[in-house]
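Have a look at work.txt; it's compact mmCIF, C-alpha atoms (C1' of nucleotides):
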# COMPACT_ATOMS: atom_id res chain seq x y z
CA MET A 1 -51.77 59.95 137.32
CA ASP A 2 -49.12 57.30 137.73
CA THR A 3 -47.90 55.85 134.48
CA THR A 4 -44.81 54.17 135.85
CA ASP A 5 -43.98 51.02 133.96
CA TYR A 6 -42.18 48.36 135.89
CA ASP A 7 -39.82 45.74 134.58
CA LEU A 8 -41.26 42.69 136.25
CA GLU A 9 -38.04 40.80 135.65
CA ASN A 10 -36.04 43.24 137.71
CA LEU A 11 -38.15 44.94 140.29
CA PRO A 12 -36.29 47.59 142.25
CA PRO A 13 -35.35 46.03 145.58
CA ASP A 14 -36.38 49.16 147.44
CA LEU A 15 -39.89 49.10 146.02
CA SER A 16 -42.29 50.38 148.65
CA TYR A 17 -45.42 48.41 149.41
CA GLU A 18 -47.56 51.19 148.00
CA ASP A 19 -45.62 51.12 144.76
CA PHE A 20 -45.91 47.36 144.72
CA LEU A 21 -49.68 47.62 144.96
CA GLN A 22 -49.60 50.20 142.17
CA MET A 23 -47.67 47.74 140.09
CA LEU A 24 -50.32 45.11 140.64
CA LEU A 25 -53.12 47.32 139.33
CA PRO A 26 -52.57 46.64 135.62
CA LEU A 27 -52.39 42.93 136.38
CA ARG A 28 -55.69 43.12 138.20
CA ASP A 29 -57.23 45.05 135.34
CA SER A 30 -56.38 42.27 132.93
CA LEU A 31 -57.63 39.61 135.29
CA ASP A 32 -60.85 41.48 135.99
CA ILE A 33 -61.58 42.03 132.33
CA LEU A 34 -61.18 38.36 131.47
CA GLY A 35 -62.32 36.89 134.75
CA GLY A 36 -65.78 36.08 136.00
CA LYS A 37 -68.25 33.55 134.78
CA TRP A 38 -69.29 35.01 131.43
CA LYS A 39 -66.63 37.34 130.06
CA LEU A 40 -64.70 34.81 128.02
CA GLN A 41 -67.79 33.30 126.49
CA ILE A 42 -69.04 36.73 125.44
CA ILE A 43 -65.71 37.77 124.03
CA PHE A 44 -65.44 34.58 122.01
CA SER A 45 -69.00 34.95 120.82
CA LEU A 46 -68.19 38.44 119.52
CA LYS A 47 -65.00 37.22 117.91
CA PHE A 48 -67.14 35.68 115.21
CA GLY A 49 -68.72 38.88 114.09
CA ARG A 50 -71.33 41.43 114.95
CA LYS A 51 -74.16 39.96 116.95
CA ARG A 52 -77.50 41.01 118.32
CA PHE A 53 -78.21 40.89 122.04
CA LYS A 54 -80.54 37.92 121.71
CA GLU A 55 -78.13 36.07 119.46
CA ILE A 56 -75.41 36.29 122.05
CA GLN A 57 -77.82 35.20 124.73
CA ARG A 58 -78.85 32.21 122.67
CA GLU A 59 -75.24 31.24 122.15
CA ILE A 60 -74.55 31.31 125.86
CA PRO A 61 -76.98 28.97 127.58
CA GLY A 62 -77.79 30.01 131.11
CA ILE A 63 -76.87 33.67 130.96
CA THR A 64 -79.64 36.03 132.05
CA SER A 65 -80.35 39.30 130.26
CA LYS A 66 -79.28 41.09 133.39
CA MET A 67 -75.84 39.51 133.37
CA LEU A 68 -75.39 39.82 129.63
CA SER A 69 -76.38 43.46 129.72
CA LYS A 70 -74.01 44.15 132.60
CA GLU A 71 -71.08 42.36 131.02
CA LEU A 72 -71.59 44.02 127.66
CA LYS A 73 -71.73 47.41 129.32
CA ASP A 74 -68.49 46.49 131.01
CA LEU A 75 -66.82 45.54 127.74
CA GLU A 76 -68.08 48.74 126.17
CA MET A 77 -66.73 50.84 129.03
CA ASN A 78 -63.36 49.27 128.47
CA ASP A 79 -63.62 50.10 124.79
CA LEU A 80 -63.43 46.41 123.95
CA ALA A 81 -66.84 46.17 122.34
CA THR A 82 -68.91 48.59 120.32
CA ARG A 83 -72.65 49.01 120.58
CA TYR A 84 -74.84 49.77 117.58
CA VAL A 85 -78.45 50.80 118.11
CA HIS A 86 -80.93 50.57 115.23
CA ASN A 87 -84.14 52.59 115.11
CA THR A 88 -86.30 49.64 114.31
CA ALA A 89 -89.50 48.62 116.02
CA PRO A 90 -88.89 46.94 118.25
CA ILE A 91 -85.44 48.28 118.82
CA THR A 92 -82.49 46.11 117.85
CA VAL A 93 -78.97 46.41 119.18
CA GLU A 94 -75.81 44.89 117.85
CA TYR A 95 -72.45 44.44 119.46
CA GLU A 96 -69.09 43.77 117.98
CA LEU A 97 -65.59 43.33 119.25
CA SER A 98 -63.71 46.58 118.66
CA GLU A 99 -60.39 46.69 116.87
CA TYR A 100 -58.88 47.48 120.21
CA GLY A 101 -60.66 44.48 121.69
CA LYS A 102 -58.69 42.27 119.39
CA THR A 103 -55.50 43.22 121.20
CA LEU A 104 -56.68 40.86 123.90
CA LYS A 105 -55.71 38.00 121.66
CA SER A 106 -52.12 37.68 122.84
CA VAL A 107 -53.08 37.63 126.51
CA VAL A 108 -55.82 35.11 125.93
CA ILE A 109 -53.49 32.88 123.97
CA GLU A 110 -50.86 33.10 126.66
CA LEU A 111 -53.40 32.22 129.34
CA TYR A 112 -54.62 29.32 127.25
CA LYS A 113 -51.14 28.02 126.61
CA TRP A 114 -50.12 28.09 130.23
CA GLY A 115 -53.43 26.68 131.44
CA SER A 116 -53.26 23.95 128.88
CA ALA A 117 -49.73 22.97 129.82
CA HIS A 118 -50.72 23.18 133.46
CA ARG A 119 -53.53 20.64 133.00
CA LYS A 120 -51.02 18.22 131.59
CA HIS A 121 -48.51 18.97 134.30
CA ILE A 122 -51.06 18.35 137.05
CA THR A 123 -52.64 15.22 135.63
CA SER A 124 -49.20 13.70 135.05
CA LYS A 125 -48.59 13.22 138.76
CA MET B 1 -59.33 12.64 129.87
CA ASP B 2 -59.48 15.23 127.14
CA THR B 3 -56.13 16.60 126.14
CA THR B 4 -57.24 18.26 122.94
CA ASP B 5 -55.26 21.39 122.20
CA TYR B 6 -57.03 24.06 120.23
CA ASP B 7 -55.53 26.64 117.96
CA LEU B 8 -57.28 29.73 119.26
CA GLU B 9 -56.44 31.58 116.07
CA ASN B 10 -58.37 29.14 113.96
CA LEU B 11 -61.12 27.51 115.91
CA PRO B 12 -62.99 24.85 113.94
CA PRO B 13 -66.22 26.47 112.76
CA ASP B 14 -68.20 23.36 113.69
CA LEU B 15 -67.00 23.43 117.27
CA SER B 16 -69.81 22.18 119.51
CA TYR B 17 -70.76 24.19 122.56
CA GLU B 18 -69.52 21.42 124.81
CA ASP B 19 -66.16 21.44 123.09
CA PHE B 20 -66.09 25.19 123.35
CA LEU B 21 -66.58 24.97 127.10
CA GLN B 22 -63.83 22.36 127.23
CA MET B 23 -61.59 24.77 125.42
CA LEU B 24 -62.29 27.44 128.01
CA LEU B 25 -61.19 25.24 130.91
CA PRO B 26 -57.45 25.87 130.61
CA LEU B 27 -58.16 29.58 130.35
CA ARG B 28 -60.21 29.45 133.53
CA ASP B 29 -57.46 27.50 135.26
CA SER B 30 -54.97 30.25 134.55
CA LEU B 31 -57.37 32.94 135.63
CA ASP B 32 -58.31 31.12 138.80
CA ILE B 33 -54.72 30.55 139.77
CA LEU B 34 -53.79 34.19 139.39
CA GLY B 35 -57.13 35.74 140.28
CA GLY B 36 -58.58 36.58 143.64
CA LYS B 37 -57.53 39.13 146.18
CA TRP B 38 -54.28 37.64 147.47
CA LYS B 39 -52.75 35.28 144.91
CA LEU B 40 -50.56 37.77 143.11
CA GLN B 41 -49.22 39.29 146.29
CA ILE B 42 -48.30 35.88 147.64
CA ILE B 43 -46.66 34.78 144.42
CA PHE B 44 -44.61 37.94 144.26
CA SER B 45 -43.67 37.59 147.89
CA LEU B 46 -42.36 34.09 147.23
CA LYS B 47 -40.51 35.25 144.15
CA PHE B 48 -37.96 36.78 146.47
CA GLY B 49 -36.98 33.59 148.17
CA ARG B 50 -38.06 31.07 150.73
CA LYS B 51 -40.24 32.61 153.40
CA ARG B 52 -41.85 31.64 156.64
CA PHE B 53 -45.57 31.79 157.10
CA LYS B 54 -45.39 34.78 159.40
CA GLU B 55 -42.96 36.57 157.14
CA ILE B 56 -45.35 36.34 154.23
CA GLN B 57 -48.18 37.49 156.44
CA ARG B 58 -46.18 40.48 157.58
CA GLU B 59 -45.40 41.40 154.01
CA ILE B 60 -49.05 41.35 153.05
CA PRO B 61 -50.92 43.72 155.34
CA GLY B 62 -54.50 42.72 155.90
CA ILE B 63 -54.32 39.06 155.05
CA THR B 64 -55.62 36.73 157.74
CA SER B 65 -53.93 33.46 158.60
CA LYS B 66 -56.97 31.66 157.32
CA MET B 67 -56.70 33.21 153.90
CA LEU B 68 -52.93 32.89 153.69
CA SER B 69 -53.12 29.26 154.71
CA LYS B 70 -55.83 28.56 152.17
CA GLU B 71 -54.06 30.31 149.34
CA LEU B 72 -50.75 28.62 150.10
CA LYS B 73 -52.45 25.24 150.13
CA ASP B 74 -53.90 26.16 146.79
CA LEU B 75 -50.52 27.06 145.35
CA GLU B 76 -49.08 23.85 146.75
CA MET B 77 -51.86 21.75 145.23
CA ASN B 78 -51.05 23.29 141.89
CA ASP B 79 -47.41 22.44 142.41
CA LEU B 80 -46.53 26.11 142.24
CA ALA B 81 -45.16 26.36 145.74
CA THR B 82 -43.33 23.95 148.01
CA ARG B 83 -43.85 23.60 151.73
CA TYR B 84 -41.06 22.83 154.16
CA VAL B 85 -41.85 21.86 157.73
CA HIS B 86 -39.19 22.06 160.41
CA ASN B 87 -39.36 20.09 163.63
CA THR B 88 -38.69 23.05 165.84
CA ALA B 89 -40.66 24.08 168.87
CA PRO B 90 -42.78 25.78 168.09
CA ILE B 91 -43.11 24.44 164.59
CA THR B 92 -41.85 26.59 161.72
CA VAL B 93 -42.91 26.28 158.12
CA GLU B 94 -41.33 27.73 155.04
CA TYR B 95 -42.66 28.14 151.55
CA GLU B 96 -40.95 28.75 148.31
CA LEU B 97 -41.95 29.15 144.71
CA SER B 98 -41.26 25.89 142.91
CA GLU B 99 -39.25 25.73 139.72
CA TYR B 100 -42.49 24.95 137.97
CA GLY B 101 -44.07 27.97 139.62
CA LYS B 102 -41.60 30.14 137.78
CA THR B 103 -43.20 29.19 134.48
CA LEU B 104 -45.97 31.59 135.46
CA LYS B 105 -43.64 34.43 134.62
CA SER B 106 -44.56 34.71 130.95
CA VAL B 107 -48.29 34.80 131.65
CA VAL B 108 -47.89 37.35 134.39
CA ILE B 109 -45.75 39.53 132.19
CA GLU B 110 -48.26 39.32 129.38
CA LEU B 111 -51.09 40.24 131.73
CA TYR B 112 -49.06 43.14 133.04
CA LYS B 113 -48.17 44.40 129.61
CA TRP B 114 -51.73 44.35 128.36
CA GLY B 115 -53.14 45.80 131.58
CA SER B 116 -50.54 48.52 131.55
CA ALA B 117 -51.23 49.47 127.95
CA HIS B 118 -54.94 49.30 128.70
CA ARG B 119 -54.64 51.85 131.50
CA LYS B 120 -53.04 54.25 129.08
CA HIS B 121 -55.59 53.49 126.40
CA ILE B 122 -58.48 54.17 128.74
CA THR B 123 -57.16 57.31 130.38
CA SER B 124 -56.31 58.78 126.99
CA LYS B 125 -59.98 59.32 126.13
C1' DC C 1 -45.97 29.40 165.25
C1' DG C 2 -48.90 27.71 161.86
C1' DG C 3 -52.99 26.68 161.20
C1' DC C 4 -58.29 25.14 161.83
C1' DA C 5 -63.23 25.98 163.54
C1' DT C 6 -66.91 28.97 163.98
C1' DC C 7 -69.68 32.72 163.18
C1' DC C 8 -71.22 36.26 160.13
C1' DG C 9 -71.82 40.22 156.78
C1' DG C 10 -71.53 41.67 151.94
C1' DC C 11 -72.17 40.94 147.38
C1' DG C 12 -71.92 38.51 142.97
C1' DG C 13 -75.11 36.74 140.44
C1' DG C 14 -79.67 33.80 139.58
C1' DA C 15 -85.06 33.92 138.95
C1' DT C 16 -88.74 36.40 137.86
C1' DA C 17 -91.47 40.17 136.46
C1' DC C 18 -91.93 44.42 134.15
C1' DT C 19 -91.13 48.45 130.56
C1' DG C 20 -89.93 51.58 126.39
C1' DC D 1 -86.27 43.13 121.58
C1' DA D 2 -83.20 44.98 124.82
C1' DG D 3 -82.85 45.87 128.69
C1' DT D 4 -84.22 47.37 134.10
C1' DA D 5 -86.09 46.43 138.84
C1' DT D 6 -86.74 43.56 142.67
C1' DC D 7 -86.04 39.83 145.50
C1' DC D 8 -83.15 36.42 147.23
C1' DC D 9 -79.66 32.86 148.05
C1' DG D 10 -74.86 31.01 148.16
C1' DC D 11 -70.47 31.71 149.22
C1' DC D 12 -66.20 34.29 149.49
C1' DG D 13 -63.69 36.04 152.70
C1' DG D 14 -63.15 38.90 157.31
C1' DA D 15 -63.02 38.56 162.66
C1' DT D 16 -62.21 36.06 166.43
C1' DG D 17 -60.89 32.27 169.20
C1' DC D 18 -58.62 27.87 170.01
C1' DC D 19 -55.18 24.03 169.50
C1' DG D 20 -50.93 20.97 168.63

Please go through the file and, once you have read it, give me the structure as structure tokens.
Amino acid sequence: MDTTDYDLENLPPDLSYEDFLQMLLPLRDSLDILGGKWKLQIIFSLKFGRKRFKEIQREIPGITSKMLSKELKDLEMNDLATRYVHNTAPITVEYELSEYGKTLKSVVIELYKWGSAHRKHITSK
Amino acid sequence: MDTTDYDLENLPPDLSYEDFLQMLLPLRDSLDILGGKWKLQIIFSLKFGRKRFKEIQREIPGITSKMLSKELKDLEMNDLATRYVHNTAPITVEYELSEYGKTLKSVVIELYKWGSAHRKHITSK
DNA sequence: CGGCATCCGGCGGGATACTG
DNA sequence: CAGTATCCCGCCGGATGCCG
């Protein structure tokens, strides 16, 4: 696989278009993981500790079980959240943000900072 | 308007859901501006200087004039790109990344860094 | 050349019902 | 309770054509 790391400040001038698209992949990964209607809300919900499926759903008005289930599976696939199944009757499942998931913090903060400054920039004209 | 800035590290525990959604808005702004199929490619294309409409389109295989036009208008609305119209026949139009647009750099780099590390994290399991 | 108008297909995602 | 299955609608975005 291709593990080339690019220095975004100084991209090689002879970068082929294919390599350019390769370079965009990690960027898209980040955007996909945080993008969409529900991802951020779920991630923030899990930031405050281990939660049951229904708890999360209650905290996020409007989300259907289908969407929540799909998004959680997504987070789990990306190793960002961990799923705990308990042999109770009826079954209960808990989710928590993984240690690795917490590495998202810096990106999220950066996005927030820029977005926040941007709102001011835009409304000041 | 609401210009409250939140400290994402220490969110007030009594944060109402409405305030929480408010807090997400800047994050969504950032994600919307960089997300989508073409935004990054266009931004990177403009990073290398002032370009004509057709030039950009040639550099981005597959993009239709409709999409390019829409995305550029979007960037312009957000003050990220500047449009220059020349009274030639036929008309020519140039675009360039605004000075303000360059402030995106830190966010983009952060997204790239995390996404890049994430690819390694995921493929190493 | 730089766009806008129109038509249209795919799909993200909502509503609802059902199951282990 | 924690999902899955089905149906369905809106809309993003592609294709094509036209216009100043």

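Comparing the minimum interatomic distances between chain A and each of B:Gly115, B:Pro90, B:Gly36, B:Pro12, counting all atoms listed in the file, we find that B:Gly115 sits nearest.
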
Chain A contacts on chain B, only C-alpha atoms, 8 Å, as number ranges by chain: B: 3, 5, 8, 24-31, 34-35, 40, 78-79, 104, 106-116, 118-120, 122

Point-to-point distance from atom CA of Asn10 of chain B to atom CA of Ile43 of chain A, Å rounded to tenths: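 Spanning atom CA of Asn10 of chain B to atom CA of Ile43 of chain A is a straight-line distance of 15.2 Å.
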
Between atom CA of Lys73 of chain A and atom CA of Ile91 of chain A - distance in Å to one decimal: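 These two atoms are separated by 17.3 Å.
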
Per-residue nearest contacts of chain A to chain D (9 Å; only C-alpha atoms (C1' of nucleotides)) as a Markdown table:
| residue | atom | partner | partner_atom | distance |
| --- | --- | --- | --- | --- |
| A:Phe53 | CA | D:DA2 | C1' | 7.0 |
| A:Lys54 | CA | D:DC1 | C1' | 7.7 |
| A:Ser65 | CA | D:DG3 | C1' | 7.2 |
| A:Lys66 | CA | D:DG3 | C1' | 7.6 |
| A:Ser69 | CA | D:DG3 | C1' | 7.0 |
| A:Ala89 | CA | D:DC1 | C1' | 8.5 |
| A:Pro90 | CA | D:DC1 | C1' | 5.7 |
| A:Ile91 | CA | D:DC1 | C1' | 5.9 |
| A:Thr92 | CA | D:DC1 | C1' | 6.1 |
| A:Val93 | CA | D:DA2 | C1' | 7.2 |

Proximity check chain C to chain A, 12 Å, nearest pairs one decimal Å, only C-alpha atoms (C1' of nucleotides), as JSON lines:
{"residue": "C:DG12", "atom": "C1'", "partner": "A:Gly36", "partner_atom": "CA", "distance": 9.6}
{"residue": "C:DG13", "atom": "C1'", "partner": "A:Met67", "partner_atom": "CA", "distance": 7.6}
{"residue": "C:DG14", "atom": "C1'", "partner": "A:Thr64", "partner_atom": "CA", "distance": 7.9}
{"residue": "C:DA15", "atom": "C1'", "partner": "A:Thr64", "partner_atom": "CA", "distance": 9.0}
{"residue": "C:DT16", "atom": "C1'", "partner": "A:Thr64", "partner_atom": "CA", "distance": 10.8}
{"residue": "C:DG20", "atom": "C1'", "partner": "A:Ile91", "partner_atom": "CA", "distance": 9.4}

Distance of atom CA of His86 of chain A from atom CA of Arg52 of chain A, expressed in Å to one decimal place: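 According to the coordinates, atom CA of Arg52 of chain A and atom CA of His86 of chain A are separated by 10.6 Å.
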
Give as an mmCIF file with C-alpha atoms, in the coordinates of the input the set of residues within 10 Å of the point (-63.4, 47.4, 115.8), where distances use the file's coordinates and only C-alpha atoms (C1' of nucleotides).
data_model
loop_
_atom_site.group_PDB
_atom_site.id
_atom_site.type_symbol
_atom_site.label_atom_id
_atom_site.label_comp_id
_atom_site.auth_asym_id
_atom_site.auth_seq_id
_atom_site.Cartn_x
_atom_site.Cartn_y
_atom_site.Cartn_z
ATOM 1 C CA ARG A 50 -71.330 41.430 114.950
ATOM 2 C CA ASP A 79 -63.620 50.100 124.790
ATOM 3 C CA LEU A 80 -63.430 46.410 123.950
ATOM 4 C CA ALA A 81 -66.840 46.170 122.340
ATOM 5 C CA THR A 82 -68.910 48.590 120.320
ATOM 6 C CA GLU A 96 -69.090 43.770 117.980
ATOM 7 C CA LEU A 97 -65.590 43.330 119.250
ATOM 8 C CA SER A 98 -63.710 46.580 118.660
ATOM 9 C CA GLU A 99 -60.390 46.690 116.870
ATOM 10 C CA TYR A 100 -58.880 47.480 120.210
ATOM 11 C CA GLY A 101 -60.660 44.480 121.690
ATOM 12 C CA LYS A 102 -58.690 42.270 119.390
#

Shell around Ile42 of chain A at 9 Å using only C-alpha atoms (C1' of nucleotides), local window under 6 positions removed, as number ranges by chain: A: 56-57, 59-60, 68, 71-72

Keeping only C-alpha atoms, write those residues as a PDB file, keeping the file's coordinate frame.
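Listing of result.pdb after writing:
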ATOM      1  CA  ILE A  56     -75.410  36.290 122.050  1.00  0.00           C
ATOM      2  CA  GLN A  57     -77.820  35.200 124.730  1.00  0.00           C
ATOM      3  CA  GLU A  59     -75.240  31.240 122.150  1.00  0.00           C
ATOM      4  CA  ILE A  60     -74.550  31.310 125.860  1.00  0.00           C
ATOM      5  CA  LEU A  68     -75.390  39.820 129.630  1.00  0.00           C
ATOM      6  CA  GLU A  71     -71.080  42.360 131.020  1.00  0.00           C
ATOM      7  CA  LEU A  72     -71.590  44.020 127.660  1.00  0.00           C
TER       8      LEU A  72
END

Residue neighbourhood Glu94 of chain A, 6 Å, only C-alpha atoms (C1' of nucleotides), exclusion window fewer than 5 positions, as a ChimeraX atom specification: /A:51-52,83-84
